[in-house]
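Written out below as structure tokens is the structure these notes cover.
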Amino acid sequence: MSMEIREAEDGDLPAILAIHNHVIATSTANFSYHAVDLEDRRAFLHDRRARGFPFLVAVEADALLGYASFGPFRPHDGFARTVEHSIYVAPAHHRRGVAALLMPALIARARDLGKHVMVGGLDAANAASIALHERLGFVRVGVMPQVGFKFDRYLDLLFMQKILAD
């Protein structure tokens, strides 16, 4: 069986919600504390669609393995050509190459939309995510020490970016 990348559909929302809330509850890949509900994820997906941003899922057979999306980096017009992405993989599918399949598809979408830079904000201790980004040509551009707080400890935020222009 092979993985397929496609745009997310409303029917994917329960699986997306489960992945998202698992990340919130168990990791520092997302600095949020509180689980969200299905309506939150529906609004997020529909907002991305309405603004022309991709929301991709990796699927295999009937299983949703992970998802990735990007949106505005900052709200001001001068940042319109820069996007910030997020990518999450279901725990049962870690280390299967799901993120490595989703990210190039997301990068291609950013290029297709005329974006110039992709930015990722990562927990500076997340070695696996850092390694993935580096393999895909992202570079470390700055660390903000102790700006996050989760699980009773301060977290450093690492910014990585990829300039998309050839």
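Residues are named by chain letter and number: chains run A, B, ... in the order of the structure tokens, numbers start at 1 in each chain, and ligands are numbered from 1 in the order shown.
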Task: For range 155-163 of chain A: contacts at 8 Å, only C-alpha atoms, fewer than 5 positions along chain excluded, given as a ChimeraX atom specification - done: /A:116-125,133,137-150
Open item on the list: When you look at range 71-77 of chain A with a cut-off of 9 Å (counting only C-alpha atoms), what residues show up, excluding the ones that are within fewer than 2 positions of it in the same chain? I need them as a PyMOL selection string.
Closed with: chain A and resi 48+51+53-54+69+79-86+118-119
Task: Which of A:Leu13, A:Phe55, A:Thr28, A:Gly97 sits closest to Arg109 in chain A [using only C-alpha atoms] - done: A:Phe55
Open item on the list: Show me, as a list in words, the residues that have an atom within 9 Å of Ala15 in chain A when counting only C-alpha atoms, minus same-chain residues fewer than 2 positions from it.
Closed with: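 Contacts, with the query itself left out: Gly11, Asp12, Leu13, Leu17, Ala18, Ile19, His20, Ala63, Leu64, Leu65, Gly66 and Ala90 of chain A.
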Open item on the list: Just the number, please: distance in Å from CA of His34 in chain A to CA of Phe70 in chain A, one decimal.
Closed with: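 Interatomic distance, CA of His34 in chain A to CA of Phe70 in chain A: 21.2 Å.
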TODO: Quick one: pick out all alpha helix (DSSP H) residues within chain A from a backbone DSSP run and write them as a VMD selection string.
DONE: chain A and resid 13 to 26 38 to 50 98 to 112 127 to 135
- [ ] Using backbone DSSP assignments, extract all strand (DSSP E) residues from range 58-159 of chain A; output them as a PyMOL selection string.
- [x] chain A and resi 58-60+63-72+82-89+117-123+139-150+153-159
Open item on the list: Counting only C-alpha atoms, which residue out of A:Leu101, A:Asp62, A:Leu164, A:Phe151 sits closest to Ile24 in chain A?
Closed with: A:Phe151
- [ ] Select, from A:Ala29, A:Ala50, A:Ala35, A:Val23, the residue with the minimum atom-to-atom distance to Ile130 in chain A, counting only C-alpha atoms.
- [x] A:Ala29
Task: Residue with smallest distance to Arg6 in chain A - pool A:Asp37, A:Glu60, A:Asp152, A:Asp112, counting only C-alpha atoms - done: A:Glu60
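Picture a line from CA of Ala43 in chain A to CA of Tyr88 in chain A; it runs 17.9 Å.
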- [ ] Considering only C-alpha atoms, state which residue in the set A:Leu113, A:Ser2, A:Pro104, A:Ala99 is at the smallest distance from Leu136 in chain A.
- [x] A:Pro104
Task: Residue nearest Gly52 in chain A among A:Ala110, A:Val98, A:Ile16, A:Ala25 (counting only C-alpha atoms) - done: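 Nearest candidate to Gly52 in chain A out of A:Ala110, A:Val98, A:Ile16, A:Ala25: A:Ala110.
When CA of Leu56 in chain A is paired with CA of Ala131 in chain A, their separation reads 21.2 Å.
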